[in-house]
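Chemist: Sharing input_7.tsv below, TSV, C-alpha atoms:
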```tsv
chain	number	residue	atom	x	y	z
G	1	MET	CA	-2.85	-10.26	-4.43
G	2	SER	CA	0.45	-11.99	-5.02
G	3	ASP	CA	0.73	-10.93	-8.64
G	4	HIS	CA	1.45	-7.33	-7.65
G	5	PRO	CA	4.94	-6.23	-8.53
G	6	ALA	CA	6.72	-4.73	-5.54
G	7	ALA	CA	6.35	-1.11	-6.65
G	8	PRO	CA	3.75	1.40	-5.53
G	9	VAL	CA	1.21	2.79	-7.99
G	10	PRO	CA	2.91	6.00	-9.21
G	11	ALA	CA	1.55	9.50	-8.58
G	12	LEU	CA	-1.52	10.27	-10.69
G	13	GLU	CA	-2.91	13.58	-11.87
G	14	PRO	CA	-5.40	14.99	-9.28
G	15	PRO	CA	-8.25	15.04	-8.77
G	16	TYR	CA	-8.89	11.35	-8.23
G	17	TYR	CA	-10.22	9.27	-5.37
G	18	VAL	CA	-8.61	6.89	-2.92
G	19	ALA	CA	-10.47	4.23	-0.97
G	20	VAL	CA	-8.29	3.31	2.00
G	21	PHE	CA	-9.34	0.02	3.56
G	22	THR	CA	-7.52	-0.94	6.77
G	23	SER	CA	-8.33	-4.27	8.39
G	24	VAL	CA	-7.42	-7.00	10.81
G	25	ARG	CA	-8.62	-10.46	9.91
G	26	THR	CA	-9.98	-13.27	12.06
G	27	ALA	CA	-8.57	-16.80	12.26
G	28	GLU	CA	-11.40	-17.91	9.94
G	29	GLN	CA	-10.00	-17.36	6.43
G	30	ALA	CA	-11.58	-20.18	4.38
G	31	GLY	CA	-12.53	-18.75	1.00
G	32	TYR	CA	-10.80	-15.43	1.58
G	33	PRO	CA	-7.88	-15.75	-0.88
G	34	GLU	CA	-10.18	-16.86	-3.71
G	35	THR	CA	-12.61	-14.03	-3.03
G	36	ALA	CA	-9.82	-11.44	-2.81
G	37	ALA	CA	-8.45	-12.63	-6.16
G	38	ARG	CA	-11.94	-12.49	-7.70
G	39	MET	CA	-12.52	-8.95	-6.37
G	40	GLU	CA	-9.21	-7.85	-7.84
G	41	GLU	CA	-10.27	-9.25	-11.20
G	42	LEU	CA	-13.70	-7.59	-10.99
G	43	VAL	CA	-12.54	-4.13	-9.91
G	44	LYS	CA	-10.29	-3.94	-12.98
G	45	GLN	CA	-13.44	-3.98	-15.10
G	46	VAL	CA	-14.83	-0.83	-13.47
G	47	PRO	CA	-14.41	2.17	-15.81
G	48	GLY	CA	-12.30	4.74	-13.97
G	49	TYR	CA	-10.45	2.18	-11.83
G	50	LEU	CA	-6.81	3.33	-11.75
G	51	GLY	CA	-4.99	0.74	-9.67
G	52	MET	CA	-4.44	-0.67	-6.20
G	53	ASP	CA	-1.72	-0.92	-3.57
G	54	HIS	CA	-1.73	-3.57	-0.87
G	55	ALA	CA	0.47	-4.28	2.14
G	56	GLU	CA	0.01	-6.69	4.99
G	57	THR	CA	1.95	-7.14	8.19
G	58	PRO	CA	1.97	-10.87	8.99
G	59	GLY	CA	-0.45	-11.43	11.87
G	60	GLY	CA	-1.27	-7.72	11.94
G	61	LEU	CA	-2.77	-4.94	9.91
G	62	SER	CA	-3.66	-5.07	6.21
G	63	ILE	CA	-4.03	-1.92	4.14
G	64	THR	CA	-5.49	-1.86	0.64
G	65	VAL	CA	-5.66	1.42	-1.24
G	66	GLY	CA	-7.76	1.58	-4.41
G	67	TYR	CA	-7.42	4.50	-6.84
G	68	PHE	CA	-10.42	5.70	-8.87
G	69	ARG	CA	-10.86	8.52	-11.36
G	70	ASP	CA	-14.04	9.89	-9.77
G	71	ALA	CA	-16.85	9.28	-7.30
G	72	ASP	CA	-18.93	7.57	-9.99
G	73	ALA	CA	-16.30	4.88	-10.51
G	74	LEU	CA	-16.27	4.24	-6.78
G	75	ALA	CA	-20.07	4.16	-6.60
G	76	GLN	CA	-20.15	1.64	-9.40
G	77	TRP	CA	-17.67	-0.62	-7.60
G	78	ARG	CA	-19.54	-0.21	-4.33
G	79	SER	CA	-22.83	-1.31	-5.88
G	80	ASN	CA	-21.42	-4.35	-7.72
G	81	ALA	CA	-23.50	-7.35	-6.59
G	82	GLU	CA	-20.60	-9.77	-6.18
G	83	HIS	CA	-18.65	-7.14	-4.26
G	84	ARG	CA	-21.63	-6.53	-1.96
G	85	SER	CA	-21.93	-10.19	-1.16
G	86	ALA	CA	-18.17	-10.47	-0.56
G	87	ARG	CA	-18.40	-7.56	1.91
G	88	GLN	CA	-21.23	-9.28	3.72
G	89	ARG	CA	-19.26	-12.50	4.01
G	90	GLY	CA	-16.24	-10.48	5.15
G	91	ARG	CA	-18.18	-9.08	8.09
G	92	ALA	CA	-19.61	-12.50	8.94
G	93	GLU	CA	-16.34	-14.43	8.76
G	94	TRP	CA	-13.10	-12.80	7.72
G	95	TYR	CA	-12.73	-9.45	9.48
G	96	GLU	CA	-12.09	-8.77	13.11
G	97	SER	CA	-12.32	-5.05	12.38
G	98	TYR	CA	-11.93	-2.68	9.49
G	99	THR	CA	-12.15	0.99	8.56
G	100	LEU	CA	-12.85	2.51	5.16
G	101	HIS	CA	-11.85	6.09	4.32
G	102	VAL	CA	-12.99	7.51	0.98
G	103	ALA	CA	-11.12	10.66	0.01
G	104	LYS	CA	-10.52	13.02	-2.87
G	105	VAL	CA	-6.85	13.46	-3.70
G	106	GLU	CA	-5.65	17.05	-3.88
G	107	ARG	CA	-1.92	16.50	-4.30
G	108	SER	CA	0.38	13.65	-5.13
G	109	SER	CA	4.08	13.15	-5.69
G	110	GLY	CA	6.50	10.34	-6.15
G	111	PHE	CA	10.10	9.26	-6.21
G	112	SER	CA	11.89	6.47	-7.95
G	113	ARG	CA	15.54	5.56	-7.86
G	114	ALA	CA	15.31	3.93	-11.28
Y	1	MET	CA	6.29	1.01	14.51
Y	2	SER	CA	5.99	-2.17	16.54
Y	3	ASP	CA	4.11	-0.54	19.40
Y	4	HIS	CA	0.95	-0.25	17.29
Y	5	PRO	CA	-1.81	-2.48	18.51
Y	6	ALA	CA	-3.17	-4.66	15.69
Y	7	ALA	CA	-6.36	-2.65	15.14
Y	8	PRO	CA	-6.99	-0.02	12.49
Y	9	VAL	CA	-7.63	3.60	13.46
Y	10	PRO	CA	-11.43	3.75	13.67
Y	11	ALA	CA	-13.63	5.86	11.37
Y	12	LEU	CA	-13.37	9.59	12.14
Y	13	GLU	CA	-15.83	12.39	11.51
Y	14	PRO	CA	-15.23	13.94	8.04
Y	15	PRO	CA	-13.82	16.17	6.85
Y	16	TYR	CA	-10.24	15.22	7.70
Y	17	TYR	CA	-7.14	14.49	5.67
Y	18	VAL	CA	-5.25	11.31	4.86
Y	19	ALA	CA	-1.64	11.21	3.74
Y	20	VAL	CA	-1.13	7.84	2.04
Y	21	PHE	CA	2.55	6.97	1.72
Y	22	THR	CA	3.34	3.82	-0.27
Y	23	SER	CA	6.95	2.70	-0.57
Y	24	VAL	CA	9.45	0.02	-1.38
Y	25	ARG	CA	12.73	0.21	0.51
Y	26	THR	CA	16.27	-0.46	-0.60
Y	27	ALA	CA	18.67	-2.97	1.00
Y	28	GLU	CA	20.33	-0.01	2.78
Y	29	GLN	CA	18.34	0.40	5.99
Y	30	ALA	CA	20.95	1.59	8.51
Y	31	GLY	CA	19.32	4.25	10.69
Y	32	TYR	CA	15.85	3.66	9.28
Y	33	PRO	CA	14.14	2.07	12.32
Y	34	GLU	CA	15.44	4.75	14.67
Y	35	THR	CA	14.34	7.52	12.32
Y	36	ALA	CA	10.90	5.96	11.81
Y	37	ALA	CA	10.42	5.73	15.58
Y	38	ARG	CA	11.54	9.35	16.00
Y	39	MET	CA	9.13	10.55	13.27
Y	40	GLU	CA	6.30	8.71	14.96
Y	41	GLU	CA	7.13	10.47	18.22
Y	42	LEU	CA	7.36	13.86	16.49
Y	43	VAL	CA	4.17	13.65	14.45
Y	44	LYS	CA	2.18	13.03	17.64
Y	45	GLN	CA	3.14	16.53	18.73
Y	46	VAL	CA	1.51	18.15	15.68
Y	47	PRO	CA	-1.81	19.77	16.65
Y	48	GLY	CA	-4.50	18.13	14.54
Y	49	TYR	CA	-2.66	14.81	14.14
Y	50	LEU	CA	-5.30	12.09	14.54
Y	51	GLY	CA	-3.42	8.82	14.18
Y	52	MET	CA	-1.60	6.48	11.82
Y	53	ASP	CA	-1.99	3.02	10.29
Y	54	HIS	CA	0.95	1.04	8.98
Y	55	ALA	CA	1.29	-2.28	7.16
Y	56	GLU	CA	4.27	-3.85	5.50
Y	57	THR	CA	4.54	-6.93	3.34
Y	58	PRO	CA	7.91	-8.57	4.14
Y	59	GLY	CA	10.24	-7.85	1.23
Y	60	GLY	CA	7.49	-5.91	-0.53
Y	61	LEU	CA	5.31	-2.85	-0.23
Y	62	SER	CA	4.90	-0.66	2.85
Y	63	ILE	CA	1.87	1.55	3.32
Y	64	THR	CA	1.62	4.23	6.01
Y	65	VAL	CA	-1.57	6.26	6.31
Y	66	GLY	CA	-1.52	9.38	8.50
Y	67	TYR	CA	-4.77	11.05	9.57
Y	68	PHE	CA	-4.91	14.82	10.13
Y	69	ARG	CA	-7.74	17.17	11.08
Y	70	ASP	CA	-7.02	19.70	8.34
Y	71	ALA	CA	-4.57	20.90	5.70
Y	72	ASP	CA	-2.82	23.15	8.24
Y	73	ALA	CA	-1.90	20.19	10.43
Y	74	LEU	CA	-0.43	18.45	7.40
Y	75	ALA	CA	1.44	21.56	6.32
Y	76	GLN	CA	2.94	21.89	9.77
Y	77	TRP	CA	4.14	18.29	9.72
Y	78	ARG	CA	5.47	18.71	6.20
Y	79	SER	CA	7.55	21.73	7.18
Y	80	ASN	CA	9.02	20.22	10.36
Y	81	ALA	CA	12.82	20.50	10.04
Y	82	GLU	CA	13.63	17.03	11.38
Y	83	HIS	CA	10.98	15.53	9.14
Y	84	ARG	CA	12.42	17.35	6.12
Y	85	SER	CA	15.87	16.03	6.79
Y	86	ALA	CA	14.52	12.48	7.32
Y	87	ARG	CA	12.76	12.69	3.92
Y	88	GLN	CA	16.00	13.79	2.30
Y	89	ARG	CA	17.90	10.88	3.84
Y	90	GLY	CA	15.07	8.56	2.78
Y	91	ARG	CA	15.52	9.52	-0.86
Y	92	ALA	CA	19.30	9.21	-0.60
Y	93	GLU	CA	19.38	5.84	1.17
Y	94	TRP	CA	16.23	4.06	2.26
Y	95	TYR	CA	13.67	4.23	-0.55
Y	96	GLU	CA	13.71	2.44	-3.86
Y	97	SER	CA	10.48	4.22	-4.77
Y	98	TYR	CA	7.53	5.88	-3.07
Y	99	THR	CA	4.30	7.69	-3.80
Y	100	LEU	CA	2.47	10.17	-1.57
Y	101	HIS	CA	-1.25	10.89	-2.01
Y	102	VAL	CA	-2.77	13.71	0.08
Y	103	ALA	CA	-6.54	13.57	0.14
Y	104	LYS	CA	-9.57	15.05	1.89
Y	105	VAL	CA	-11.85	12.41	3.38
Y	106	GLU	CA	-15.50	12.70	2.39
Y	107	ARG	CA	-16.86	9.52	3.92
Y	108	SER	CA	-15.72	6.90	6.38
Y	109	SER	CA	-17.17	3.83	8.00
Y	110	GLY	CA	-16.01	0.96	10.15
Y	111	PHE	CA	-16.79	-2.42	11.54
Y	112	SER	CA	-15.68	-4.21	14.65
Y	113	ARG	CA	-16.61	-7.66	15.86
Y	114	ALA	CA	-16.01	-6.67	19.47
```
In structure tokens, write the structure found in this file.
Modeler:
Amino acid sequence: MSDHPAAPVPALEPPYYVAVFTSVRTAEQAGYPETAARMEELVKQVPGYLGMDHAETPGGLSITVGYFRDADALAQWRSNAEHRSARQRGRAEWYESYTLHVAKVERSSGFSRA
Amino acid sequence: MSDHPAAPVPALEPPYYVAVFTSVRTAEQAGYPETAARMEELVKQVPGYLGMDHAETPGGLSITVGYFRDADALAQWRSNAEHRSARQRGRAEWYESYTLHVAKVERSSGFSRA
């Protein structure tokens, strides 16, 4: 996810959905970077995908937030076959623990110095 | 926020609220760590506060996700006088840009190897 510019996705017009994925990874990370890059490529093809923010504390918590126009867009991403198999491999190898929160945005705001 | 154990807040019973705060900070960080620690102490006193996850890419994006039982808990935190003044100082000094998404969680799930 290194091609992300260091700026958060700006405030969008509600309603839209966020998928908040918080995780801690294991020591076993073979294949992870390639899969993460592939998932990022794939999710961009989902109609209604609006963007993604990612932050990771070295040796600690990772948080990825995906933004989607509606529940259908999220359902489509969730049922993608390659994404399913990546999630399965994630549980088998890459994640120590994770939590997913799917939520409907009611309000958003932003600030930029520029 | 260094006293957080490296494990995400586990899945909670919906409905609840998430406040997703994504930011990039400026080079001017005097007073920031103390204020962040104080805010963390204060938010714990809000009835209905359920926890917080935080991740930060060095030199890049920070994401803080706060979990709250309902909109009232969030409104109470939002109107806290010390929190207000910290937000004001944040815009004046600490933040290059930020986005806040407030959303009602409809679904959550988790995984833990342990």
Chemist: Taking all atoms listed in the file into account, name the residue in Y:Asp70, Y:Glu41, Y:Glu28, Y:Glu96 that is nearest to chain G.
Modeler: Y:Glu96
Chemist: Residues of chain G that approach chain Y to 9 Å or less, counting all atoms listed in the file: could you list each one with the shortest pair of atoms and its distance in Å to one decimal, rows by chain and increasing residue number, as a Markdown table?
Modeler:
```
| residue | atom | partner | partner_atom | distance |
| --- | --- | --- | --- | --- |
| G:Pro5 | CA | Y:Gly60 | CA | 8.4 |
| G:Ala6 | CA | Y:Gly60 | CA | 5.2 |
| G:Ala7 | CA | Y:Val24 | CA | 6.2 |
| G:Pro8 | CA | Y:Thr22 | CA | 5.8 |
| G:Val9 | CA | Y:Thr99 | CA | 7.1 |
| G:Pro10 | CA | Y:Thr99 | CA | 5.8 |
| G:Ala11 | CA | Y:Thr99 | CA | 5.8 |
| G:Leu12 | CA | Y:His101 | CA | 8.7 |
| G:Tyr16 | CA | Y:Ala103 | CA | 9.0 |
| G:Tyr17 | CA | Y:Ala103 | CA | 7.9 |
| G:Val18 | CA | Y:Ala103 | CA | 7.6 |
| G:Val20 | CA | Y:Val20 | CA | 8.5 |
| G:Thr22 | CA | Y:Pro8 | CA | 5.8 |
| G:Ser23 | CA | Y:Pro8 | CA | 6.1 |
| G:Val24 | CA | Y:Ala7 | CA | 6.2 |
| G:Asp53 | CA | Y:Thr22 | CA | 7.7 |
| G:His54 | CA | Y:Leu61 | CA | 7.1 |
| G:Ala55 | CA | Y:Thr57 | CA | 5.0 |
| G:Glu56 | CA | Y:Thr57 | CA | 4.8 |
| G:Thr57 | CA | Y:Glu56 | CA | 4.8 |
| G:Pro58 | CA | Y:Thr57 | CA | 7.4 |
| G:Gly59 | CA | Y:Ala6 | CA | 8.2 |
| G:Gly60 | CA | Y:Ala6 | CA | 5.2 |
| G:Leu61 | CA | Y:Ala55 | CA | 5.6 |
| G:Ser62 | CA | Y:Ala55 | CA | 5.8 |
| G:Ile63 | CA | Y:Ala55 | CA | 6.1 |
| G:Thr64 | CA | Y:Ile63 | CA | 8.5 |
| G:Val65 | CA | Y:Val20 | CA | 8.5 |
| G:Arg91 | CA | Y:Phe111 | CA | 7.6 |
| G:Ala92 | CA | Y:Arg113 | CA | 9.0 |
| G:Tyr95 | CA | Y:Arg113 | CA | 7.7 |
| G:Glu96 | CA | Y:Arg113 | CA | 5.4 |
| G:Ser97 | CA | Y:Ser112 | CA | 4.1 |
| G:Tyr98 | CA | Y:Phe111 | CA | 5.3 |
| G:Thr99 | CA | Y:Gly110 | CA | 4.2 |
| G:Leu100 | CA | Y:Ser109 | CA | 5.3 |
| G:His101 | CA | Y:Ser108 | CA | 4.5 |
| G:Val102 | CA | Y:Arg107 | CA | 5.3 |
| G:Ala103 | CA | Y:Val105 | CA | 3.9 |
| G:Lys104 | CA | Y:Ala103 | CA | 5.0 |
| G:Val105 | CA | Y:Ala103 | CA | 3.9 |
| G:Glu106 | CA | Y:Ala103 | CA | 5.4 |
| G:Arg107 | CA | Y:Val102 | CA | 5.3 |
| G:Ser108 | CA | Y:His101 | CA | 4.5 |
| G:Ser109 | CA | Y:Leu100 | CA | 5.3 |
| G:Gly110 | CA | Y:Thr99 | CA | 4.2 |
| G:Phe111 | CA | Y:Ser97 | CA | 5.3 |
| G:Ser112 | CA | Y:Ser97 | CA | 4.1 |
| G:Arg113 | CA | Y:Glu96 | CA | 5.4 |
| G:Ala114 | CA | Y:Glu96 | CA | 7.7 |
```
Chemist: Report as a PyMOL selection string all protein, DNA and RNA residues lying within 10 Å of G:Gly31, evaluated on only C-alpha atoms, omitting residues in the same chain fewer than 3 positions from it.
Modeler: chain G and resi 28+34-36+89-90+93-94
Chemist: I need the residues from that last selection saved to file as a PDB file, in the coordinates of the input (with C-alpha atoms), if you can.
Modeler:
```pdb
ATOM      1  CA  GLU G  28     -11.400 -17.910   9.940  1.00  0.00           C
ATOM      2  CA  GLU G  34     -10.180 -16.860  -3.710  1.00  0.00           C
ATOM      3  CA  THR G  35     -12.610 -14.030  -3.030  1.00  0.00           C
ATOM      4  CA  ALA G  36      -9.820 -11.440  -2.810  1.00  0.00           C
ATOM      5  CA  ARG G  89     -19.260 -12.500   4.010  1.00  0.00           C
ATOM      6  CA  GLY G  90     -16.240 -10.480   5.150  1.00  0.00           C
ATOM      7  CA  GLU G  93     -16.340 -14.430   8.760  1.00  0.00           C
ATOM      8  CA  TRP G  94     -13.100 -12.800   7.720  1.00  0.00           C
TER       9      TRP G  94
END
```
Chemist: In Å, with one decimal, what is the gap from atom CA of G:Met52 to atom CA of G:Tyr67?
Modeler: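 Interatomic distance, atom CA of G:Met52 to atom CA of G:Tyr67: 6.0 Å.
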Chemist: Would you mind telling me which residue in G:Gln88, G:Ser79, G:Tyr32, G:Glu13 lies nearest to G:Leu50 when using all atoms listed in the file?
Modeler: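 Among G:Gln88, G:Ser79, G:Tyr32, G:Glu13, it is G:Glu13 that comes nearest to G:Leu50.
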Chemist: Which distance in Å separates atom CA of Y:Gln76 and atom CA of Y:Gly51, to one decimal?
Modeler: 15.2 Å
Chemist: Kindly reconstruct stretch 5-16 of chain G with all heavy atoms and present the result as a short mmCIF file (atom, residue, chain, number, x, y, z; two decimals), keeping the file's coordinate frame.
Modeler:
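Result file follows (rebuild.cif):
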```cif
data_model
loop_
_atom_site.label_atom_id
_atom_site.label_comp_id
_atom_site.auth_asym_id
_atom_site.auth_seq_id
_atom_site.Cartn_x
_atom_site.Cartn_y
_atom_site.Cartn_z
N PRO G 5 3.51 -6.48 -8.61
CA PRO G 5 4.94 -6.23 -8.53
C PRO G 5 5.21 -5.37 -7.29
O PRO G 5 4.33 -4.66 -6.83
CB PRO G 5 5.23 -5.45 -9.80
CG PRO G 5 3.93 -4.81 -10.18
CD PRO G 5 2.85 -5.72 -9.66
N ALA G 6 6.40 -5.48 -6.75
CA ALA G 6 6.72 -4.73 -5.54
C ALA G 6 7.10 -3.29 -5.88
O ALA G 6 8.23 -2.87 -5.70
CB ALA G 6 7.83 -5.42 -4.76
N ALA G 7 6.14 -2.54 -6.41
CA ALA G 7 6.35 -1.11 -6.65
C ALA G 7 5.02 -0.44 -6.44
O ALA G 7 3.98 -0.96 -6.83
CB ALA G 7 6.85 -0.87 -8.06
N PRO G 8 5.02 0.73 -5.76
CA PRO G 8 3.75 1.40 -5.53
C PRO G 8 3.18 1.95 -6.83
O PRO G 8 3.93 2.26 -7.76
CB PRO G 8 4.11 2.52 -4.57
CG PRO G 8 5.57 2.73 -4.71
CD PRO G 8 6.16 1.45 -5.21
N VAL G 9 1.85 2.07 -6.90
CA VAL G 9 1.21 2.79 -7.99
C VAL G 9 1.81 4.21 -8.02
O VAL G 9 1.91 4.85 -6.98
CB VAL G 9 -0.33 2.85 -7.78
CG1 VAL G 9 -0.99 3.79 -8.76
CG2 VAL G 9 -0.92 1.44 -7.89
N PRO G 10 2.27 4.67 -9.17
CA PRO G 10 2.91 6.00 -9.21
C PRO G 10 1.90 7.13 -9.01
O PRO G 10 0.70 6.91 -9.08
CB PRO G 10 3.53 6.05 -10.61
CG PRO G 10 2.88 4.99 -11.41
CD PRO G 10 2.27 4.00 -10.47
N ALA G 11 2.41 8.32 -8.75
CA ALA G 11 1.55 9.50 -8.58
C ALA G 11 0.69 9.70 -9.82
O ALA G 11 1.16 9.54 -10.94
CB ALA G 11 2.42 10.74 -8.32
N LEU G 12 -0.58 10.03 -9.60
CA LEU G 12 -1.52 10.27 -10.69
C LEU G 12 -1.87 11.75 -10.70
O LEU G 12 -1.54 12.49 -9.77
CB LEU G 12 -2.78 9.43 -10.46
CG LEU G 12 -2.54 7.91 -10.35
CD1 LEU G 12 -3.67 7.22 -9.61
CD2 LEU G 12 -2.36 7.32 -11.73
N GLU G 13 -2.55 12.17 -11.75
CA GLU G 13 -2.91 13.58 -11.87
C GLU G 13 -4.20 13.86 -11.07
O GLU G 13 -5.25 13.31 -11.42
CB GLU G 13 -3.13 13.90 -13.36
CG GLU G 13 -3.32 15.36 -13.69
CD GLU G 13 -2.08 16.19 -13.37
OE1 GLU G 13 -0.95 15.69 -13.56
OE2 GLU G 13 -2.26 17.35 -12.92
N PRO G 14 -4.17 14.68 -10.01
CA PRO G 14 -5.40 14.99 -9.28
C PRO G 14 -6.34 15.82 -10.17
O PRO G 14 -5.85 16.49 -11.08
CB PRO G 14 -4.92 15.83 -8.08
CG PRO G 14 -3.44 15.62 -8.02
CD PRO G 14 -2.99 15.32 -9.41
N PRO G 15 -7.64 15.81 -9.87
CA PRO G 15 -8.25 15.04 -8.77
C PRO G 15 -8.51 13.59 -9.14
O PRO G 15 -8.77 13.28 -10.29
CB PRO G 15 -9.58 15.77 -8.56
CG PRO G 15 -9.92 16.28 -9.94
CD PRO G 15 -8.61 16.61 -10.60
N TYR G 16 -8.42 12.73 -8.14
CA TYR G 16 -8.89 11.35 -8.23
C TYR G 16 -9.25 10.92 -6.82
O TYR G 16 -9.06 11.69 -5.87
CB TYR G 16 -7.84 10.43 -8.89
CG TYR G 16 -6.47 10.41 -8.23
CD1 TYR G 16 -6.11 9.42 -7.33
CD2 TYR G 16 -5.53 11.40 -8.52
CE1 TYR G 16 -4.85 9.41 -6.74
CE2 TYR G 16 -4.28 11.39 -7.93
CZ TYR G 16 -3.95 10.39 -7.04
OH TYR G 16 -2.71 10.39 -6.46
#
```
